[in-house]
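File shown here: target07.txt, holding compact mmCIF, C-alpha atoms.
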```txt
# COMPACT_ATOMS: atom_id res chain seq x y z
CA MET T 229 -20.41 -30.03 22.20
CA MET T 230 -19.49 -27.81 19.28
CA ILE T 231 -19.10 -29.52 15.88
CA LEU T 232 -17.72 -27.81 12.77
CA TYR T 233 -18.55 -29.48 9.45
CA ASP T 234 -15.65 -28.51 7.23
CA TYR T 235 -13.34 -29.47 4.36
CA ALA T 236 -9.57 -28.96 4.51
CA LEU T 237 -9.40 -27.09 1.17
CA SER T 238 -12.46 -24.93 1.88
CA ALA T 239 -11.69 -21.21 1.77
CA ASN T 240 -15.14 -20.61 3.29
CA GLY T 241 -14.30 -22.79 6.25
CA TYR T 242 -10.94 -21.09 6.78
CA PRO T 243 -12.15 -17.87 8.48
CA VAL T 244 -14.15 -19.99 10.92
CA ARG T 245 -11.08 -22.13 11.66
CA LEU T 246 -9.09 -18.93 12.21
CA LEU T 247 -11.55 -17.44 14.70
CA LEU T 248 -11.93 -20.75 16.55
CA GLY T 249 -8.14 -20.81 16.90
CA MET T 250 -7.76 -17.16 17.85
CA LEU T 251 -10.47 -17.43 20.53
CA ALA T 252 -9.21 -20.90 21.57
CA ILE T 253 -12.72 -22.40 21.43
CA ALA T 254 -12.88 -26.15 22.07
CA HIS T 255 -14.68 -28.01 19.27
CA SER T 256 -14.51 -31.10 17.12
CA THR T 257 -14.36 -31.13 13.34
CA HIS T 258 -16.35 -33.44 11.08
CA PHE T 259 -14.71 -33.47 7.65
CA VAL T 260 -17.01 -33.58 4.62
CA GLU T 261 -15.26 -34.63 1.42
CA LEU T 262 -16.35 -32.07 -1.15
CA TYR T 263 -13.93 -33.27 -3.83
CA PRO T 264 -13.92 -35.79 -5.33
CA GLY T 265 -16.42 -37.51 -3.01
CA ARG T 266 -19.23 -34.89 -3.24
CA GLU T 267 -20.18 -35.93 0.27
CA ASN T 268 -21.86 -32.55 0.72
CA HIS T 269 -24.52 -33.69 -1.75
CA THR T 270 -25.45 -36.79 0.22
CA ALA T 271 -28.80 -37.01 1.95
CA TRP T 272 -27.38 -36.92 5.47
CA PHE T 273 -25.47 -33.70 4.85
CA ARG T 274 -28.29 -32.00 2.93
CA ASN T 275 -30.41 -32.73 5.94
CA ILE T 276 -28.02 -30.50 7.90
CA ASN T 277 -27.55 -27.87 5.19
CA PRO T 278 -29.94 -27.98 2.21
CA LEU T 279 -27.51 -25.71 0.31
CA ALA T 280 -24.94 -28.55 0.47
CA GLU T 281 -22.13 -26.18 1.52
CA VAL T 282 -19.52 -26.15 4.24
CA PRO T 283 -18.86 -24.78 6.78
CA VAL T 284 -21.73 -25.62 9.09
CA LEU T 285 -21.53 -25.03 12.83
CA ASP T 286 -23.58 -27.02 15.32
CA ASP T 287 -23.13 -25.55 18.79
CA ASP T 288 -25.32 -27.67 21.04
CA GLY T 289 -28.23 -27.33 18.66
CA VAL T 290 -27.53 -23.81 17.37
CA ILE T 291 -27.00 -24.63 13.69
CA LEU T 292 -25.55 -22.05 11.30
CA CYS T 293 -24.80 -22.66 7.63
CA HIS T 294 -22.92 -19.59 6.39
CA PRO T 295 -19.32 -18.59 7.27
CA GLN T 296 -20.21 -14.99 8.07
CA ALA T 297 -23.15 -16.06 10.24
CA ILE T 298 -20.83 -18.40 12.11
CA LEU T 299 -18.23 -15.66 12.60
CA ILE T 300 -20.86 -13.28 14.03
CA TYR T 301 -22.23 -15.96 16.32
CA LEU T 302 -18.85 -17.11 17.63
CA ALA T 303 -17.58 -13.56 18.23
CA ALA T 304 -20.78 -12.38 19.90
CA ARG T 305 -20.99 -15.43 22.12
CA TYR T 306 -17.39 -16.40 22.91
CA ASP T 307 -15.22 -13.27 22.60
CA ALA T 308 -15.08 -12.06 26.22
CA GLN T 309 -13.30 -8.85 25.13
CA GLN T 310 -15.98 -8.12 22.48
CA SER T 311 -13.27 -6.88 20.12
CA TRP T 312 -13.91 -9.07 17.05
CA TYR T 313 -17.57 -7.95 16.76
CA PRO T 314 -18.13 -5.00 19.11
CA ALA T 315 -21.90 -5.00 19.54
CA SER T 316 -21.83 -1.69 21.46
CA SER T 317 -20.50 0.39 18.56
CA ALA T 318 -23.09 1.07 15.86
CA PRO T 319 -20.64 2.75 13.42
CA LEU T 320 -18.25 -0.18 13.75
CA LEU T 321 -21.03 -2.75 13.24
CA GLY T 322 -22.01 -0.89 10.09
CA ALA T 323 -18.41 -0.90 8.85
CA ILE T 324 -18.06 -4.61 9.65
CA ALA T 325 -21.23 -5.45 7.72
CA GLN T 326 -19.97 -3.42 4.77
CA TRP T 327 -16.63 -5.23 4.67
CA LEU T 328 -18.31 -8.60 5.18
CA GLY T 329 -20.24 -7.78 2.02
CA PHE T 330 -16.97 -6.92 0.32
CA ALA T 331 -15.46 -10.22 1.50
CA HIS T 332 -18.43 -12.06 -0.02
CA LYS T 333 -17.77 -10.35 -3.37
CA LEU T 334 -14.14 -11.49 -3.11
CA SER T 335 -15.32 -15.07 -2.56
CA GLU T 336 -17.57 -14.85 -5.61
CA THR T 337 -14.70 -13.63 -7.82
CA ALA T 338 -11.21 -14.55 -6.52
CA GLY T 339 -12.66 -17.52 -4.64
CA ALA T 340 -14.58 -18.73 -7.71
CA ALA T 341 -11.43 -18.44 -9.86
CA ARG T 342 -9.56 -20.65 -7.39
CA LEU T 343 -12.31 -23.27 -7.38
CA HIS T 344 -12.33 -23.17 -11.18
CA ASP T 345 -8.58 -23.78 -11.43
CA SER T 346 -8.11 -26.23 -8.56
CA LEU T 347 -11.38 -28.15 -8.18
CA PHE T 348 -12.73 -27.75 -11.74
CA VAL T 349 -15.86 -25.83 -10.73
CA ALA T 350 -17.52 -24.23 -13.77
CA THR T 351 -17.36 -20.43 -13.79
CA ASP T 352 -16.76 -17.52 -16.16
CA ILE T 353 -13.04 -17.41 -15.36
CA ASP T 354 -12.25 -14.13 -17.16
CA ALA T 355 -15.12 -12.33 -15.44
CA ALA T 356 -14.07 -13.80 -12.09
CA ARG T 357 -10.47 -12.62 -12.45
CA THR T 358 -11.42 -9.18 -13.77
CA GLY T 359 -13.88 -8.74 -10.93
CA ALA T 360 -11.28 -9.81 -8.37
CA HIS T 361 -8.72 -7.30 -9.65
CA ARG T 362 -11.33 -4.54 -9.51
CA LEU T 363 -12.04 -5.38 -5.86
CA LEU T 364 -8.34 -5.72 -4.95
CA ARG T 365 -7.66 -2.29 -6.40
CA VAL T 366 -10.38 -0.77 -4.20
CA LEU T 367 -9.09 -2.70 -1.20
CA ASP T 368 -5.47 -1.66 -1.73
CA GLU T 369 -6.48 2.01 -1.84
CA HIS T 370 -8.56 1.59 1.32
CA LEU T 371 -5.76 -0.15 3.22
CA TRP T 372 -3.08 2.29 2.01
CA PHE T 373 -5.03 5.26 3.35
CA ALA T 374 -5.81 3.33 6.53
CA GLU T 375 -2.06 2.85 7.05
CA GLN T 376 -1.43 6.54 6.40
CA SER T 377 -3.92 7.27 9.21
CA GLY T 378 -2.22 4.83 11.57
CA GLN T 379 -4.83 2.08 11.08
CA ASN T 380 -3.98 -1.59 10.46
CA TRP T 381 -7.34 -3.23 9.75
CA LEU T 382 -10.34 -3.03 7.44
CA CYS T 383 -12.46 -1.24 10.06
CA PRO T 384 -11.28 1.63 12.27
CA GLY T 385 -9.89 0.78 15.69
CA GLY T 386 -6.92 -0.90 17.26
CA HIS T 387 -8.16 -4.50 16.92
CA PRO T 388 -9.02 -6.58 13.85
CA THR T 389 -12.64 -7.64 13.35
CA ILE T 390 -14.37 -10.65 11.83
CA ALA T 391 -14.38 -8.68 8.54
CA ASP T 392 -10.59 -9.07 8.32
CA LEU T 393 -10.91 -12.84 8.82
CA ALA T 394 -13.73 -13.13 6.26
CA ALA T 395 -11.76 -11.23 3.60
CA PHE T 396 -8.44 -12.98 4.21
CA PRO T 397 -9.02 -16.46 2.61
CA PRO T 398 -10.05 -15.44 -0.92
CA ILE T 399 -7.16 -12.94 -0.96
CA ILE T 400 -4.36 -15.12 0.37
CA LEU T 401 -5.41 -17.99 -1.93
CA SER T 402 -5.93 -15.75 -4.99
CA GLU T 403 -2.85 -16.99 -6.82
CA GLU T 404 -4.42 -20.47 -6.98
CA GLY T 405 -6.97 -18.79 -9.25
CA GLY T 406 -4.33 -17.02 -11.35
CA ILE T 407 -4.76 -13.67 -9.60
CA SER T 408 -1.45 -12.04 -8.67
CA ARG T 409 -1.28 -9.63 -5.74
CA GLN T 410 1.87 -7.92 -7.00
CA GLU T 411 0.06 -4.66 -7.76
CA TYR T 412 -1.51 -4.48 -4.29
CA PRO T 413 1.32 -3.76 -1.83
CA ALA T 414 -0.94 -2.49 0.96
CA VAL T 415 -3.01 -5.69 0.67
CA ARG T 416 0.21 -7.74 0.91
CA ARG T 417 1.25 -5.90 4.09
CA TRP T 418 -2.23 -6.43 5.59
CA CYS T 419 -1.86 -10.18 4.82
CA ASP T 420 1.38 -10.18 6.86
CA ARG T 421 -0.45 -8.49 9.76
CA VAL T 422 -3.25 -11.08 9.68
CA LYS T 423 -0.68 -13.91 9.63
CA ARG T 424 0.98 -12.47 12.73
CA LEU T 425 -2.19 -12.44 14.84
CA PRO T 426 -1.96 -14.71 17.91
CA GLY T 427 -3.62 -18.07 17.20
CA PHE T 428 -3.24 -17.77 13.41
CA THR T 429 -3.23 -21.11 11.60
CA ILE T 430 -2.36 -21.99 8.02
CA MET T 431 -4.24 -24.12 5.50
CA PRO T 432 -3.00 -25.80 2.27
CA GLY T 433 -1.71 -23.03 -0.02
CA VAL T 434 -1.10 -20.55 2.80
CA PHE T 435 2.44 -19.92 4.07
CA PRO T 436 3.20 -18.56 7.52
CA ALA T 437 4.84 -15.17 8.07
CA GLY T 438 8.03 -14.86 10.04
CA PRO T 439 7.89 -13.20 13.44
CA ALA T 440 7.87 -9.39 13.46
CA TRP T 441 10.12 -9.13 16.48
CA GLY T 442 13.84 -9.40 17.16
CA GLY T 443 15.96 -12.52 17.41
CA MET N 216 14.94 10.97 -18.43
CA SER N 217 16.84 9.59 -21.42
CA GLY N 218 19.24 6.77 -22.16
CA ALA N 219 18.95 3.00 -22.38
CA PRO N 220 16.18 1.76 -20.05
CA ASP N 221 18.38 -1.01 -18.64
CA VAL N 222 20.92 1.47 -17.22
CA MET N 223 18.53 4.04 -15.75
CA TRP N 224 17.38 4.49 -12.18
CA TYR N 225 13.69 3.87 -11.69
CA PRO N 226 11.75 3.90 -8.43
CA VAL N 227 10.50 0.35 -7.74
CA ALA N 228 8.94 0.96 -4.30
CA ALA N 229 8.43 3.62 -1.66
CA SER N 230 10.36 3.50 1.62
CA HIS N 231 7.02 2.93 3.40
CA ASP N 232 6.58 -0.25 1.32
CA LEU N 233 9.35 -1.92 3.36
CA PRO N 234 8.06 -2.21 6.93
CA PHE N 235 9.88 -4.38 9.47
CA ARG N 236 10.36 -7.99 8.29
CA HIS N 237 8.36 -7.59 5.08
CA VAL N 238 9.24 -8.75 1.55
CA PHE N 239 8.01 -6.43 -1.18
CA HIS N 240 7.09 -7.83 -4.60
CA ALA N 241 8.26 -5.50 -7.39
CA ARG N 242 8.66 -5.61 -11.14
CA LEU N 243 10.93 -3.53 -13.35
CA LEU N 244 11.21 -3.94 -17.13
CA ASP N 245 9.82 -7.49 -17.02
CA GLN N 246 12.16 -8.48 -14.20
CA GLU N 247 10.43 -9.66 -11.03
CA LEU N 248 12.13 -8.48 -7.85
CA ALA N 249 12.02 -9.43 -4.17
CA VAL N 250 12.83 -6.32 -2.13
CA TRP N 251 13.49 -6.56 1.60
CA ARG N 252 15.06 -4.46 4.33
CA ALA N 253 17.24 -6.34 6.81
CA ASP N 254 17.28 -5.38 10.48
CA ASP N 255 20.56 -3.49 9.94
CA GLY N 256 18.75 -1.21 7.48
CA PHE N 257 20.33 -2.61 4.31
CA ILE N 258 17.89 -2.98 1.42
CA ASN N 259 18.25 -6.07 -0.77
CA ILE N 260 16.86 -6.16 -4.31
CA TRP N 261 17.06 -9.68 -5.70
CA GLN N 262 15.78 -11.68 -8.59
CA ASN N 263 12.45 -13.03 -7.34
CA ARG N 264 13.37 -16.67 -7.68
CA CYS N 265 14.84 -19.26 -5.37
CA LEU N 266 17.89 -20.87 -6.98
CA HIS N 267 16.63 -24.29 -5.91
CA ARG N 268 13.18 -24.74 -7.46
CA GLY N 269 12.35 -21.28 -8.74
CA VAL N 270 9.71 -20.41 -6.15
CA ARG N 271 9.15 -16.67 -5.67
CA LEU N 272 11.25 -15.28 -2.83
CA SER N 273 8.67 -12.52 -2.31
CA ILE N 274 6.59 -15.08 -0.39
CA GLY N 275 9.65 -16.00 1.69
CA ILE N 276 10.39 -15.16 5.29
CA ASN N 277 12.46 -12.07 6.15
CA ASP N 278 13.93 -12.94 9.54
CA GLY N 279 15.93 -9.73 9.74
CA ARG N 280 19.25 -11.26 8.66
CA GLU N 281 18.33 -13.80 6.01
CA LEU N 282 15.55 -14.50 3.55
CA LYS N 283 14.21 -18.04 3.80
CA CYS N 284 12.43 -19.71 0.90
CA GLN N 285 9.04 -21.19 1.84
CA TYR N 286 9.46 -24.28 -0.31
CA HIS N 287 12.50 -26.18 0.98
CA GLY N 288 13.97 -23.66 3.39
CA TRP N 289 17.04 -22.51 1.48
CA ARG N 290 18.42 -19.40 3.21
CA TYR N 291 20.10 -16.39 1.59
CA ALA N 292 22.18 -13.79 3.42
CA ASN N 293 21.50 -10.09 3.73
CA ARG N 294 23.86 -8.00 1.54
CA THR N 295 25.67 -10.84 -0.31
CA ALA N 296 22.57 -12.85 -1.38
CA GLY N 297 24.73 -15.94 -0.88
CA CYS N 298 23.02 -19.17 0.14
CA THR N 299 23.89 -19.88 3.78
CA TYR N 300 21.97 -23.06 4.52
CA ILE N 301 20.34 -25.95 2.66
CA PRO N 302 18.19 -28.05 5.02
CA ALA N 303 18.72 -31.24 2.95
CA HIS N 304 22.49 -30.93 3.59
CA PRO N 305 22.67 -29.68 7.16
CA ASP N 306 26.35 -30.60 7.61
CA ARG N 307 27.68 -29.01 4.43
CA ALA N 308 28.22 -25.31 3.76
CA PRO N 309 26.60 -24.35 0.44
CA ALA N 310 28.99 -23.59 -2.42
CA ARG N 311 29.86 -19.92 -2.74
CA THR N 312 28.61 -19.95 -6.30
CA ILE N 313 25.05 -20.39 -5.00
CA THR N 314 24.32 -16.67 -4.89
CA ASN N 315 21.17 -14.96 -6.03
CA ARG N 316 21.26 -12.24 -8.68
CA VAL N 317 21.24 -8.82 -7.04
CA PHE N 318 20.21 -5.48 -8.51
CA PRO N 319 21.51 -2.01 -7.64
CA CYS N 320 19.67 -0.13 -4.92
CA VAL N 321 19.56 3.45 -3.68
CA GLU N 322 17.09 4.76 -1.12
CA ARG N 323 16.49 8.44 -1.63
CA TYR N 324 13.62 10.96 -1.49
CA GLY N 325 11.46 8.36 0.24
CA LEU N 326 11.72 6.00 -2.74
CA ILE N 327 13.65 2.79 -3.44
CA TRP N 328 15.50 3.10 -6.76
CA SER N 329 16.83 0.26 -8.86
CA ALA N 330 18.00 -0.61 -12.36
CA LEU N 331 18.80 -3.72 -14.37
CA GLU N 332 22.44 -2.57 -14.80
CA THR N 333 24.13 -0.08 -12.48
CA PRO N 334 23.71 3.43 -13.95
CA GLU N 335 26.24 6.20 -13.60
CA GLY N 336 25.17 9.07 -11.39
CA GLU N 337 22.40 9.47 -8.86
CA PRO N 338 18.66 8.83 -9.12
CA ALA N 339 16.62 11.87 -10.14
CA SER N 340 19.80 13.79 -10.93
CA GLY N 341 19.18 17.23 -12.35
CA LEU N 342 16.13 17.75 -10.17
CA SER N 343 16.42 19.86 -7.06
CA LEU N 344 14.37 17.87 -4.58
CA ASP N 345 13.99 18.18 -0.83
CA GLU N 346 15.50 15.12 0.89
CA ASN N 347 12.20 14.37 2.68
CA PRO N 348 9.37 15.06 0.28
CA LEU N 349 5.83 13.75 0.68
CA VAL N 350 5.68 10.37 -1.12
CA LEU N 351 2.38 9.89 -2.93
CA ARG N 352 0.60 6.55 -3.29
CA GLY N 353 2.01 4.58 -6.22
CA ILE N 354 -0.67 3.98 -8.85
CA ALA N 355 -0.32 0.81 -10.92
CA VAL N 356 -1.57 1.27 -14.48
CA ARG N 357 -2.33 -1.44 -17.04
CA ALA N 358 -1.04 0.70 -19.90
CA PRO N 359 2.49 1.09 -21.30
CA SER N 360 4.85 3.51 -19.53
CA GLY N 361 5.33 5.59 -22.69
CA THR N 362 1.59 6.24 -23.01
CA VAL N 363 1.30 7.14 -19.35
CA SER N 364 4.37 9.41 -19.42
CA ARG N 365 2.92 11.32 -22.35
CA ALA N 366 -0.42 11.69 -20.61
CA LEU N 367 1.34 12.99 -17.49
CA GLN N 368 3.15 15.67 -19.52
CA ASP N 369 -0.20 17.28 -20.19
CA PHE N 370 -0.86 17.56 -16.47
CA HIS N 371 0.49 20.53 -14.55
CA THR N 372 0.22 18.75 -11.27
CA GLY N 373 2.69 20.45 -8.97
CA ALA N 374 4.08 16.99 -8.23
CA THR N 375 7.39 15.50 -9.35
CA VAL N 376 6.35 12.33 -11.14
CA PHE N 377 8.30 9.23 -12.15
CA VAL N 378 6.93 6.34 -14.22
CA GLN N 379 8.24 2.89 -13.33
CA PRO N 380 7.91 0.53 -16.31
CA THR N 381 6.86 -2.85 -14.92
CA ASP N 382 6.39 -4.75 -18.17
CA ARG N 383 5.45 -3.91 -21.75
CA ALA N 384 1.82 -3.42 -20.82
CA GLY N 385 2.10 -1.81 -17.40
CA CYS N 386 3.72 0.79 -15.20
CA VAL N 387 3.44 2.50 -11.82
CA ILE N 388 3.03 6.26 -11.36
CA ARG N 389 5.20 7.36 -8.41
CA GLY N 390 4.96 10.99 -7.35
CA LEU N 391 6.60 13.28 -4.81
CA ILE N 392 5.57 16.64 -3.40
CA SER N 393 8.78 18.57 -2.70
CA PRO N 394 8.97 20.20 -0.27
CA ALA N 395 6.39 18.28 1.73
CA PRO N 396 3.25 20.24 2.67
CA GLU N 397 2.54 21.10 6.31
CA ALA N 398 1.34 18.18 8.43
CA ALA N 399 -2.27 19.41 8.55
CA LYS N 400 -2.50 19.18 4.75
CA ARG N 401 -0.79 15.82 4.41
CA LEU N 402 -3.77 13.46 4.10
CA GLU N 403 -5.72 15.92 1.98
CA THR N 404 -2.77 16.19 -0.41
CA LEU N 405 -2.36 12.39 -0.61
CA ARG N 406 -6.08 12.05 -1.43
CA HIS N 407 -5.97 14.79 -4.02
CA TYR N 408 -3.11 13.22 -6.00
CA ASN N 409 -4.44 9.69 -5.54
CA ASP N 410 -7.71 10.78 -7.15
CA MET N 411 -5.93 12.69 -9.92
CA PHE N 412 -3.60 9.84 -10.89
CA SER N 413 -6.38 7.25 -10.56
CA ALA N 414 -8.47 9.24 -13.05
CA LEU N 415 -5.48 9.40 -15.38
CA ARG N 416 -5.03 5.64 -14.97
CA ASP N 417 -8.67 4.96 -15.87
CA THR N 418 -8.37 7.07 -19.02
CA ALA N 419 -5.09 5.43 -20.05
CA GLU N 420 -6.47 1.92 -19.47
CA GLN N 421 -9.59 2.61 -21.54
CA ALA N 422 -7.35 3.73 -24.40
CA ALA N 423 -4.91 0.82 -24.01
```
What would you get if you wrote out this structure as structure tokens?
Amino acid sequence: MMILYDYALSANGYPVRLLLGMLAIAHSTHFVELYPGRENHTAWFRNINPLAEVPVLDDDGVILCHPQAILIYLAARYDAQQSWYPASSAPLLGAIAQWLGFAHKLSETAGAARLHDSLFVATDIDAARTGAHRLLRVLDEHLWFAEQSGQNWLCPGGHPTIADLAAFPPIILSEEGGISRQEYPAVRRWCDRVKRLPGFTIMPGVFPAGPAWGG
Amino acid sequence: MSGAPDVMWYPVAASHDLPFRHVFHARLLDQELAVWRADDGFINIWQNRCLHRGVRLSIGINDGRELKCQYHGWRYANRTAGCTYIPAHPDRAPARTITNRVFPCVERYGLIWSALETPEGEPASGLSLDENPLVLRGIAVRAPSGTVSRALQDFHTGATVFVQPTDRAGCVIRGLISPAPEAAKRLETLRHYNDMFSALRDTAEQAA
């Protein structure tokens, strides 16, 4: 039985929830109350993850404690098409790792600003926002030129990868940390494309996109 | 360009910023705008604010005929900007006075042009531009439009450049190459001007 330890407001849990939904993987969720209960700091949870963070995945004894590790594991094991994490393409794996790193930087800046404003987590808020805008500027340029080359996603190819899912939460929730996306039109269009992927689910603070087909 | 800023055409987006069923988030002279193309091709430029609770319409849903607010589902019609439906009053037609503020719009040269008050004449009048130039990537700058315009005058770029004032502290550099270069040089040209205007942006922001 697969168990996801998660928290409804967790931006780190969100990419895992997205991939579980998109791959339609059966699982149960055990909610851990990060705020205000600090349940992640209790002995029983620290026994599962000494870092006291969600998400944690327990897939019949395979225990993983980092969102990107969980994404890699789920895609490699359960994606029959091998399109979310194509293990046979070395250049693509390199690109995915690079953009996973970028997504982590987004979590440490835009994500930290959101936690500061919404859950009162101490951080250098000005540095977090400045850092997020610097990253979003780089990302907007990357995605604009990708579009001009007929590409829709962070990494080349016709299908999104786990890097798109990892980067999406800190971006789509950025306004909760006081970070506007108005100056990043290519990022906004990419957000629409992610929202229109089959199996996409929302979380608090995330609005759905309308359908991009007639009717 | 000269004249009062409120009655001048400025580019606020590129045509490629309005893909199918998208809502573009723009700003002109401190006015936030929701810009969306309906399925019939008409481009709506509206005040970026739902008349109900003030939520930004740029996060709303463009269903091709109406824009729906995400908060309580008020719907506004393509072209008229009139409210067509209020979910809390499903049996009553909304009053005709419930109409969003609209701004003038012209799509030309691959750009979407707007103004706070309708100007006389055409956008980019006095310039002889090809109708289908190459539209460069818009570069947002955190420096006032006047500063950036002056810096651009010192550049002999080969591009036709417009500066869209977003607010007192910011602007967007929007450039065209007219006529468009041959297809084989397209990406190279876009890169070249992106790098040039980005460098200008960095210099202007350090000085600002």
Separation of atom CA of Ala437 of chain T and atom CA of Phe330 of chain T, in Å?
24.6 Å
So which residues touch segment 356-359 of chain T within 10 Å, counting only C-alpha atoms, skipping near sequence neighbours fewer than 3 positions away, as JSON, numbers by chain?
{"T": [333, 334, 335, 336, 337, 338, 339, 340, 341, 342, 344, 351, 352, 353, 362, 363, 364, 402, 405, 406, 407, 408]}
Export C-alpha atoms of the chosen residues as a PDB file, in the frame of the given file?
```pdb
ATOM      1  CA  LYS T 333     -17.770 -10.350  -3.370  1.00  0.00           C
ATOM      2  CA  LEU T 334     -14.140 -11.490  -3.110  1.00  0.00           C
ATOM      3  CA  SER T 335     -15.320 -15.070  -2.560  1.00  0.00           C
ATOM      4  CA  GLU T 336     -17.570 -14.850  -5.610  1.00  0.00           C
ATOM      5  CA  THR T 337     -14.700 -13.630  -7.820  1.00  0.00           C
ATOM      6  CA  ALA T 338     -11.210 -14.550  -6.520  1.00  0.00           C
ATOM      7  CA  GLY T 339     -12.660 -17.520  -4.640  1.00  0.00           C
ATOM      8  CA  ALA T 340     -14.580 -18.730  -7.710  1.00  0.00           C
ATOM      9  CA  ALA T 341     -11.430 -18.440  -9.860  1.00  0.00           C
ATOM     10  CA  ARG T 342      -9.560 -20.650  -7.390  1.00  0.00           C
ATOM     11  CA  HIS T 344     -12.330 -23.170 -11.180  1.00  0.00           C
ATOM     12  CA  THR T 351     -17.360 -20.430 -13.790  1.00  0.00           C
ATOM     13  CA  ASP T 352     -16.760 -17.520 -16.160  1.00  0.00           C
ATOM     14  CA  ILE T 353     -13.040 -17.410 -15.360  1.00  0.00           C
ATOM     15  CA  ARG T 362     -11.330  -4.540  -9.510  1.00  0.00           C
ATOM     16  CA  LEU T 363     -12.040  -5.380  -5.860  1.00  0.00           C
ATOM     17  CA  LEU T 364      -8.340  -5.720  -4.950  1.00  0.00           C
ATOM     18  CA  SER T 402      -5.930 -15.750  -4.990  1.00  0.00           C
ATOM     19  CA  GLY T 405      -6.970 -18.790  -9.250  1.00  0.00           C
ATOM     20  CA  GLY T 406      -4.330 -17.020 -11.350  1.00  0.00           C
ATOM     21  CA  ILE T 407      -4.760 -13.670  -9.600  1.00  0.00           C
ATOM     22  CA  SER T 408      -1.450 -12.040  -8.670  1.00  0.00           C
TER      23      SER T 408
END
```
Could you list, with a cut-off of 6 Å and counting all atoms listed in the file, the residues of chain T near chain N, each shown with its nearest atom pair and the distance in Å rounded to one decimal, rows sorted by chain and ascending number, as CSV?
```
residue,atom,partner,partner_atom,distance
T:Gln410,CA,N:His240,CA,5.7
T:Gly438,CA,N:Ile276,CA,5.3
T:Ala440,CA,N:Arg236,CA,5.9
```
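Computed from the coordinates, the atom CA of His332 of chain T to atom CA of Asp234 of chain T distance equals 18.2 Å.
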I'd like the neighbourhood of segment 423-428 of chain T as a PyMOL selection string, where a residue qualifies if any of its atoms comes within 10 Å (using all atoms listed in the file), though same-chain residues fewer than 2 positions away should be ignored.
chain T and resi 245-252+388+396+417-421+430+434-440
Enter the distance from atom CA of Gly385 of chain N to atom CA of Pro359 of chain N, in Å, rounded to one decimal.
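According to the coordinates, atom CA of Gly385 of chain N and atom CA of Pro359 of chain N are separated by 4.9 Å.
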To box segment 311-330 of chain T, take all atoms listed in the file, fit an axis-aligned box, add 3 Å on each side, and give centre and edge lengths in Å to one decimal, as lines of an AutoDock Vina configuration file.
```
center_x = -18.2
center_y = -3.2
center_z = 10.9
size_x = 15.8
size_y = 17.8
size_z = 27.1
```
